[in-house]
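Working notes for the structure below.
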Amino acid sequence: RQRDGEQGTAETKKPTKIDESKMAYGENISYPCPQWAPILGFGGCAFAVIFANMGGAFGTAKAAEGIMAMGIRSPELLIKNIIPIVMAGVLGIYGLIVAVILNGKMLKPEVVTGATAYSQYTGFAHLAAGLCCGLASLASGLAIGIAADAGTRAVGAQSAMAASWKKMGFTGDSGGQVKSSGDALFVGTVLIQVFAGNLGLYGLITALILSQMDYSCAEN
């Protein structure tokens with residue numbers, strides 16, 4: 001009888017042990033909020049800054065090549081064609097903005113238990129936000145740099161051609177070379193750079209939307 005009673009008490013204690021294990025599993029929050037989840041968020045911050053600055057650096061360097069080549073023939077147009085340098089530099093600011101926002105949403109582990117409140121759902125959202133902003137800014141920088149290099153060289157060549165026509169004594173339109181003095185190509189170049197710069201802005205907007213996707217294990 002005593003053995004039967006001991007077996008009965010043991011059987012009644014088994015569900016209690018299972019419940020305790022489930023409670024421990026819930027307190028550790030190992031599945032929705034694993035310890036590696038913050039790596040995704042910090043990776044999003046890093047990718048946003050790195051890729052955005054890569055695009056800005058390439059755009060600035062490539063545009064500077066065309067501007068300096070144009071400045072040899074037409075130095076008076078140097079400041080006028082500095083617009084792509086500014087547009088390429090803005091791309092780095094996009095990455096900085098996203099990185100600051102994502103960094104502000106990072107949650108520290110609890111001091112006593114060491115449990116991670118930052119969920120993998122939030123981590124993947126922040127990683128996607130960083131990649132959207134960074135890669136979009138990189139593509140925008142490539143487009144701005146290549147378009148600015150070709151555009152500024154064309155503007156300088158057209159301006160130099162117009163000056164040579166005047167020196168040769170042609171005072172008429174001469175196929176639009178004298179009166180335009182590169183203005184037609186300049187306007188077209190600026191429009192191309194504006195639409196190329198919008199690519200980075202699209203990535204920034206998408207990143208701001210994704211940065212609002214939060215799920216915290218501390219609140220749930």
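Following the order of the structure tokens, chains are lettered A, B, ..., residues in each are numbered from 1, and ligands are numbered from 1.
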
If you count only C-alpha atoms, which residues fall within 12 Å of range 49-60 of chain A, apart from same-chain ones fewer than 4 positions away, as number ranges by chain?
A: 42-45, 64-68, 82-103, 129-149, 193, 196-197, 199-201, 203-204

Shell around Val187 in chain A at 12 Å using only C-alpha atoms, local window under 2 positions removed, as a ChimeraX atom specification:
/A:80-81,83,148,151-152,154-155,180-185,189-194

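Counting only C-alpha atoms and comparing A:Gly71, A:Lys105, A:Tyr202, A:Ile209, the residue that lies closest to Ala117 in chain A is A:Lys105.
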
I need the residues of range 51-205 of chain A that end up classed as helix (DSSP H, G or I) by DSSP on the backbone, written out as a CSV table (one decimal) with N, CA and C atoms, in the first residue's frame.
```csv
chain,number,residue,atom,x,y,z
A,51,PHE,N,27.0,50.5,-46.9
A,51,PHE,CA,26.6,50.5,-48.3
A,51,PHE,C,26.2,51.9,-48.8
A,52,ALA,N,25.5,52.7,-47.9
A,52,ALA,CA,25.2,54.1,-48.3
A,52,ALA,C,26.4,54.9,-48.5
A,53,ASN,N,27.4,54.7,-47.6
A,53,ASN,CA,28.6,55.5,-47.8
A,53,ASN,C,29.5,55.0,-49.0
A,54,MET,N,29.4,53.7,-49.3
A,54,MET,CA,30.0,53.2,-50.5
A,54,MET,C,29.4,53.9,-51.8
A,55,GLY,N,28.1,54.0,-51.8
A,55,GLY,CA,27.4,54.6,-52.9
A,55,GLY,C,27.8,56.1,-53.0
A,56,GLY,N,27.8,56.8,-51.8
A,56,GLY,CA,28.2,58.2,-51.8
A,56,GLY,C,29.6,58.4,-52.2
A,57,ALA,N,30.5,57.5,-51.8
A,57,ALA,CA,31.9,57.7,-52.2
A,57,ALA,C,32.1,57.5,-53.6
A,58,PHE,N,31.5,56.4,-54.2
A,58,PHE,CA,31.7,56.2,-55.6
A,58,PHE,C,31.1,57.3,-56.5
A,59,GLY,N,29.9,57.8,-56.1
A,59,GLY,CA,29.2,58.9,-56.8
A,59,GLY,C,30.1,60.1,-56.8
A,60,THR,N,30.6,60.4,-55.6
A,60,THR,CA,31.5,61.6,-55.5
A,60,THR,C,32.7,61.5,-56.3
A,61,ALA,N,33.4,60.4,-56.2
A,61,ALA,CA,34.7,60.2,-57.0
A,61,ALA,C,34.4,60.2,-58.5
A,62,LYS,N,33.4,59.5,-58.9
A,62,LYS,CA,33.1,59.4,-60.4
A,62,LYS,C,32.7,60.7,-60.9
A,63,ALA,N,31.9,61.5,-60.2
A,63,ALA,CA,31.4,62.8,-60.6
A,63,ALA,C,32.6,63.8,-60.6
A,64,ALA,N,33.5,63.6,-59.7
A,64,ALA,CA,34.6,64.6,-59.6
A,64,ALA,C,35.5,64.4,-60.8
A,65,GLU,N,35.7,63.2,-61.3
A,65,GLU,CA,36.5,62.9,-62.5
A,65,GLU,C,36.0,63.7,-63.7
A,66,GLY,N,34.6,63.6,-63.9
A,66,GLY,CA,34.1,64.4,-65.0
A,66,GLY,C,34.1,65.9,-64.8
A,67,ILE,N,33.9,66.3,-63.6
A,67,ILE,CA,34.0,67.8,-63.3
A,67,ILE,C,35.4,68.3,-63.5
A,68,MET,N,36.4,67.6,-63.1
A,68,MET,CA,37.7,68.1,-63.2
A,68,MET,C,38.1,68.1,-64.7
A,69,ALA,N,37.7,67.1,-65.5
A,69,ALA,CA,38.0,67.0,-66.9
A,69,ALA,C,37.3,68.2,-67.6
A,70,MET,N,36.1,68.5,-67.2
A,70,MET,CA,35.4,69.6,-67.8
A,70,MET,C,36.0,70.9,-67.5
A,71,GLY,N,36.5,71.0,-66.2
A,71,GLY,CA,37.1,72.3,-65.8
A,71,GLY,C,38.3,72.7,-66.5
A,72,ILE,N,39.0,71.8,-67.2
A,72,ILE,CA,40.2,72.1,-68.0
A,72,ILE,C,39.8,73.0,-69.2
A,73,ARG,N,38.7,72.6,-69.9
A,73,ARG,CA,38.2,73.4,-71.0
A,73,ARG,C,37.3,74.5,-70.6
A,75,PRO,N,36.5,76.2,-67.2
A,75,PRO,CA,36.6,76.4,-65.8
A,75,PRO,C,35.4,77.3,-65.2
A,76,GLU,N,34.8,78.1,-66.0
A,76,GLU,CA,33.7,78.9,-65.5
A,76,GLU,C,32.5,78.1,-65.2
A,77,LEU,N,32.4,76.8,-65.7
A,77,LEU,CA,31.3,76.0,-65.4
A,77,LEU,C,31.5,75.0,-64.2
A,83,ILE,N,26.6,70.1,-58.6
A,83,ILE,CA,25.4,69.5,-58.0
A,83,ILE,C,25.5,68.0,-57.7
A,84,PRO,N,26.0,67.2,-58.7
A,84,PRO,CA,26.1,65.8,-58.4
A,84,PRO,C,27.0,65.4,-57.2
A,85,ILE,N,28.0,66.3,-56.8
A,85,ILE,CA,28.7,66.0,-55.6
A,85,ILE,C,27.9,66.1,-54.4
A,86,VAL,N,27.0,67.1,-54.4
A,86,VAL,CA,26.1,67.3,-53.2
A,86,VAL,C,25.1,66.1,-53.1
A,87,MET,N,24.5,65.7,-54.3
A,87,MET,CA,23.6,64.7,-54.3
A,87,MET,C,24.2,63.3,-53.9
A,88,ALA,N,25.4,63.1,-54.2
A,88,ALA,CA,26.1,61.9,-53.8
A,88,ALA,C,26.4,61.9,-52.3
A,89,GLY,N,26.7,63.0,-51.8
A,89,GLY,CA,27.0,63.1,-50.4
A,89,GLY,C,25.8,62.9,-49.5
A,90,VAL,N,24.6,63.3,-50.0
A,90,VAL,CA,23.4,63.1,-49.2
A,90,VAL,C,23.1,61.6,-49.0
A,91,LEU,N,23.6,60.7,-49.9
A,91,LEU,CA,23.3,59.3,-49.7
A,91,LEU,C,23.9,58.7,-48.4
A,92,GLY,N,25.1,59.2,-48.0
A,92,GLY,CA,25.6,58.8,-46.7
A,92,GLY,C,24.8,59.2,-45.5
A,93,ILE,N,24.1,60.4,-45.7
A,93,ILE,CA,23.2,60.8,-44.6
A,93,ILE,C,22.0,59.9,-44.4
A,94,TYR,N,21.5,59.4,-45.6
A,94,TYR,CA,20.4,58.4,-45.5
A,94,TYR,C,20.8,57.2,-44.6
A,95,GLY,N,22.0,56.7,-44.9
A,95,GLY,CA,22.4,55.5,-44.1
A,95,GLY,C,22.6,55.9,-42.6
A,96,LEU,N,23.1,57.1,-42.3
A,96,LEU,CA,23.3,57.5,-41.0
A,96,LEU,C,22.0,57.6,-40.2
A,97,ILE,N,21.0,58.2,-40.9
A,97,ILE,CA,19.6,58.4,-40.3
A,97,ILE,C,19.1,57.0,-39.9
A,98,VAL,N,19.1,56.1,-40.8
A,98,VAL,CA,18.6,54.7,-40.6
A,98,VAL,C,19.3,54.0,-39.4
A,99,ALA,N,20.6,54.2,-39.4
A,99,ALA,CA,21.4,53.5,-38.4
A,99,ALA,C,21.1,54.1,-37.0
A,100,VAL,N,20.9,55.4,-36.9
A,100,VAL,CA,20.5,56.0,-35.6
A,100,VAL,C,19.2,55.6,-35.1
A,101,ILE,N,18.2,55.5,-36.1
A,101,ILE,CA,16.9,55.0,-35.7
A,101,ILE,C,16.9,53.6,-35.2
A,102,LEU,N,17.6,52.7,-36.0
A,102,LEU,CA,17.7,51.3,-35.6
A,102,LEU,C,18.4,51.1,-34.2
A,103,ASN,N,19.4,51.9,-34.0
A,103,ASN,CA,20.2,51.8,-32.8
A,103,ASN,C,19.3,52.2,-31.6
A,104,GLY,N,18.4,53.2,-31.8
A,104,GLY,CA,17.5,53.6,-30.7
A,104,GLY,C,16.5,52.5,-30.3
A,120,GLN,N,13.7,38.0,-32.6
A,120,GLN,CA,14.2,37.8,-34.0
A,120,GLN,C,13.3,38.4,-35.0
A,121,TYR,N,12.0,38.6,-34.7
A,121,TYR,CA,11.1,39.3,-35.7
A,121,TYR,C,11.6,40.7,-35.9
A,122,THR,N,11.9,41.4,-34.8
A,122,THR,CA,12.4,42.8,-34.9
A,122,THR,C,13.7,42.8,-35.5
A,123,GLY,N,14.6,41.8,-35.2
A,123,GLY,CA,15.9,41.7,-35.8
A,123,GLY,C,15.9,41.6,-37.3
A,124,PHE,N,15.0,40.7,-37.8
A,124,PHE,CA,14.9,40.5,-39.3
A,124,PHE,C,14.4,41.8,-39.9
A,125,ALA,N,13.4,42.5,-39.3
A,125,ALA,CA,12.9,43.7,-39.8
A,125,ALA,C,13.9,44.8,-39.9
A,126,HIS,N,14.7,44.9,-38.8
A,126,HIS,CA,15.8,45.9,-38.8
A,126,HIS,C,16.9,45.6,-39.8
A,127,LEU,N,17.2,44.3,-40.0
A,127,LEU,CA,18.2,43.9,-41.0
A,127,LEU,C,17.7,44.2,-42.4
A,128,ALA,N,16.4,44.0,-42.7
A,128,ALA,CA,15.8,44.3,-44.0
A,128,ALA,C,15.8,45.9,-44.2
A,129,ALA,N,15.6,46.6,-43.1
A,129,ALA,CA,15.6,48.1,-43.2
A,129,ALA,C,17.0,48.6,-43.6
A,130,GLY,N,18.0,48.0,-42.9
A,130,GLY,CA,19.4,48.4,-43.2
A,130,GLY,C,19.8,48.1,-44.6
A,131,LEU,N,19.4,46.9,-45.1
A,131,LEU,CA,19.8,46.5,-46.4
A,131,LEU,C,19.0,47.3,-47.5
A,132,CYS,N,17.8,47.6,-47.2
A,132,CYS,CA,17.0,48.4,-48.2
A,132,CYS,C,17.6,49.8,-48.4
A,133,CYS,N,17.9,50.4,-47.3
A,133,CYS,CA,18.5,51.8,-47.4
A,133,CYS,C,19.9,51.7,-47.9
A,134,GLY,N,20.8,50.7,-47.5
A,134,GLY,CA,22.1,50.7,-47.9
A,134,GLY,C,22.3,50.3,-49.4
A,135,LEU,N,21.6,49.3,-49.8
A,135,LEU,CA,21.7,48.9,-51.2
A,135,LEU,C,21.1,49.9,-52.2
A,136,ALA,N,19.9,50.5,-51.8
A,136,ALA,CA,19.3,51.5,-52.6
A,136,ALA,C,20.2,52.7,-52.8
A,137,SER,N,20.9,53.1,-51.7
A,137,SER,CA,21.8,54.2,-51.8
A,137,SER,C,23.0,53.9,-52.6
A,138,LEU,N,23.5,52.6,-52.5
A,138,LEU,CA,24.6,52.2,-53.3
A,138,LEU,C,24.3,52.2,-54.8
A,139,ALA,N,23.1,51.8,-55.2
A,139,ALA,CA,22.7,51.8,-56.6
A,139,ALA,C,22.5,53.3,-57.0
A,140,SER,N,22.0,54.1,-56.1
A,140,SER,CA,21.8,55.5,-56.5
A,140,SER,C,23.2,56.2,-56.7
A,141,GLY,N,24.1,55.9,-55.9
A,141,GLY,CA,25.5,56.4,-56.0
A,141,GLY,C,26.1,56.0,-57.3
A,142,LEU,N,25.9,54.8,-57.7
A,142,LEU,CA,26.5,54.3,-59.0
A,142,LEU,C,25.8,55.1,-60.1
A,143,ALA,N,24.5,55.3,-60.1
A,143,ALA,CA,23.8,56.0,-61.2
A,143,ALA,C,24.2,57.4,-61.2
A,144,ILE,N,24.3,58.1,-60.1
A,144,ILE,CA,24.7,59.5,-60.0
A,144,ILE,C,26.1,59.7,-60.5
A,145,GLY,N,27.1,58.8,-60.1
A,145,GLY,CA,28.4,59.0,-60.5
A,145,GLY,C,28.6,58.8,-62.0
A,146,ILE,N,28.1,57.8,-62.6
A,146,ILE,CA,28.2,57.5,-64.0
A,146,ILE,C,27.5,58.6,-64.9
A,147,ALA,N,26.3,59.0,-64.5
A,147,ALA,CA,25.6,60.0,-65.2
A,147,ALA,C,26.3,61.4,-65.1
A,148,ALA,N,26.8,61.7,-63.9
A,148,ALA,CA,27.5,63.0,-63.8
A,148,ALA,C,28.8,63.0,-64.5
A,149,ASP,N,29.5,61.9,-64.6
A,149,ASP,CA,30.7,61.9,-65.3
A,149,ASP,C,30.5,62.2,-66.8
A,150,ALA,N,29.5,61.4,-67.4
A,150,ALA,CA,29.2,61.7,-68.8
A,150,ALA,C,28.6,63.0,-69.0
A,151,GLY,N,27.7,63.4,-68.1
A,151,GLY,CA,27.0,64.7,-68.4
A,151,GLY,C,27.9,65.9,-68.3
A,152,THR,N,28.7,66.0,-67.3
A,152,THR,CA,29.6,67.1,-67.1
A,152,THR,C,30.6,67.2,-68.3
A,153,ARG,N,31.1,66.1,-68.7
A,153,ARG,CA,32.0,66.1,-69.9
A,153,ARG,C,31.3,66.6,-71.1
A,154,ALA,N,30.0,66.2,-71.3
A,154,ALA,CA,29.3,66.7,-72.5
A,154,ALA,C,29.0,68.2,-72.4
A,155,VAL,N,28.6,68.6,-71.2
A,155,VAL,CA,28.4,70.1,-71.0
A,155,VAL,C,29.6,70.9,-71.3
A,156,GLY,N,30.8,70.4,-70.8
A,156,GLY,CA,32.0,71.1,-71.0
A,156,GLY,C,32.4,71.2,-72.5
A,157,ALA,N,32.2,70.0,-73.2
A,157,ALA,CA,32.5,69.9,-74.6
A,157,ALA,C,31.6,70.8,-75.4
A,158,GLN,N,30.3,70.9,-75.1
A,158,GLN,CA,29.4,71.8,-75.8
A,158,GLN,C,29.8,73.2,-75.6
A,159,SER,N,30.1,73.6,-74.4
A,159,SER,CA,30.5,75.0,-74.1
A,159,SER,C,31.8,75.4,-74.8
A,160,ALA,N,32.8,74.5,-74.9
A,160,ALA,CA,34.0,74.7,-75.6
A,160,ALA,C,33.8,74.8,-77.1
A,161,MET,N,32.9,74.0,-77.6
A,161,MET,CA,32.5,74.1,-79.0
A,161,MET,C,31.9,75.4,-79.4
A,162,ALA,N,31.0,75.9,-78.5
A,162,ALA,CA,30.3,77.1,-78.7
A,162,ALA,C,31.3,78.3,-78.7
A,163,ALA,N,32.3,78.2,-77.8
A,163,ALA,CA,33.3,79.3,-77.8
A,163,ALA,C,34.2,79.3,-79.0
A,164,SER,N,34.5,78.1,-79.5
A,164,SER,CA,35.3,78.0,-80.7
A,164,SER,C,34.5,78.5,-81.9
A,165,TRP,N,33.2,78.3,-82.0
A,165,TRP,CA,32.4,78.8,-83.1
A,165,TRP,C,32.4,80.3,-83.0
A,166,LYS,N,32.3,80.9,-81.9
A,166,LYS,CA,32.4,82.4,-81.8
A,166,LYS,C,33.7,82.9,-82.2
A,167,LYS,N,34.8,82.2,-81.9
A,167,LYS,CA,36.2,82.7,-82.3
A,167,LYS,C,36.3,82.6,-83.8
A,177,GLN,N,24.6,75.7,-81.2
A,177,GLN,CA,25.8,75.6,-80.4
A,177,GLN,C,26.2,77.0,-79.7
A,178,VAL,N,25.9,78.1,-80.4
A,178,VAL,CA,26.3,79.4,-79.9
A,178,VAL,C,25.4,79.9,-78.8
A,179,LYS,N,24.1,79.8,-79.0
A,179,LYS,CA,23.1,80.4,-78.0
A,179,LYS,C,23.0,79.5,-76.8
A,180,SER,N,23.0,78.2,-77.0
A,180,SER,CA,22.7,77.3,-75.9
A,180,SER,C,23.9,77.3,-74.9
A,183,ASP,N,23.6,74.8,-72.0
A,183,ASP,CA,22.4,74.9,-71.1
A,183,ASP,C,21.5,73.7,-71.3
A,184,ALA,N,21.3,73.3,-72.6
A,184,ALA,CA,20.3,72.2,-72.8
A,184,ALA,C,20.8,70.9,-72.2
A,185,LEU,N,22.1,70.6,-72.4
A,185,LEU,CA,22.7,69.4,-71.8
A,185,LEU,C,22.8,69.5,-70.3
A,186,PHE,N,23.0,70.7,-69.8
A,186,PHE,CA,23.0,70.9,-68.3
A,186,PHE,C,21.7,70.6,-67.7
A,187,VAL,N,20.6,71.0,-68.2
A,187,VAL,CA,19.3,70.7,-67.7
A,187,VAL,C,19.0,69.2,-67.8
A,188,GLY,N,19.3,68.6,-68.9
A,188,GLY,CA,19.1,67.2,-69.0
A,188,GLY,C,20.0,66.4,-68.0
A,189,THR,N,21.2,66.8,-67.8
A,189,THR,CA,22.1,66.2,-66.8
A,189,THR,C,21.5,66.3,-65.4
A,190,VAL,N,21.0,67.4,-65.0
A,190,VAL,CA,20.4,67.6,-63.7
A,190,VAL,C,19.2,66.8,-63.5
A,191,LEU,N,18.4,66.7,-64.5
A,191,LEU,CA,17.2,65.8,-64.4
A,191,LEU,C,17.5,64.4,-64.2
A,192,ILE,N,18.5,63.9,-64.9
A,192,ILE,CA,19.0,62.5,-64.8
A,192,ILE,C,19.5,62.3,-63.4
A,193,GLN,N,20.2,63.2,-62.8
A,193,GLN,CA,20.8,63.0,-61.5
A,193,GLN,C,19.7,63.1,-60.4
A,194,VAL,N,18.7,63.9,-60.7
A,194,VAL,CA,17.5,63.9,-59.7
A,194,VAL,C,16.8,62.6,-59.6
A,195,PHE,N,16.5,62.0,-60.8
A,195,PHE,CA,15.8,60.7,-60.8
A,195,PHE,C,16.8,59.6,-60.2
A,196,ALA,N,18.0,59.7,-60.5
A,196,ALA,CA,19.0,58.7,-59.9
A,196,ALA,C,19.1,58.9,-58.4
A,197,GLY,N,19.0,60.1,-57.9
A,197,GLY,CA,19.0,60.3,-56.5
A,197,GLY,C,17.8,59.8,-55.8
A,198,ASN,N,16.7,59.8,-56.5
A,198,ASN,CA,15.4,59.3,-55.9
A,198,ASN,C,15.5,57.9,-55.5
A,199,LEU,N,16.4,57.1,-56.1
A,199,LEU,CA,16.5,55.7,-55.7
A,199,LEU,C,16.9,55.5,-54.3
A,200,GLY,N,17.8,56.3,-53.8
A,200,GLY,CA,18.2,56.3,-52.4
A,200,GLY,C,17.1,56.7,-51.5
A,201,LEU,N,16.3,57.7,-52.0
A,201,LEU,CA,15.2,58.2,-51.2
A,201,LEU,C,14.1,57.1,-51.0
A,202,TYR,N,13.9,56.3,-52.0
A,202,TYR,CA,12.9,55.2,-51.9
A,202,TYR,C,13.4,54.2,-50.9
A,203,GLY,N,14.7,53.9,-50.9
A,203,GLY,CA,15.2,53.0,-49.9
A,203,GLY,C,15.1,53.5,-48.5
A,204,LEU,N,15.3,54.8,-48.3
A,204,LEU,CA,15.1,55.4,-47.0
A,204,LEU,C,13.7,55.3,-46.5
A,205,ILE,N,12.7,55.6,-47.4
A,205,ILE,CA,11.3,55.5,-47.0
A,205,ILE,C,11.0,54.1,-46.6
```

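Between CA of Pro109 in chain A and CA of Ala48 in chain A lies a distance of 23.7 Å.
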
CA of Tyr215 in chain A sits from CA of Glu110 in chain A at a separation of 16.2 Å
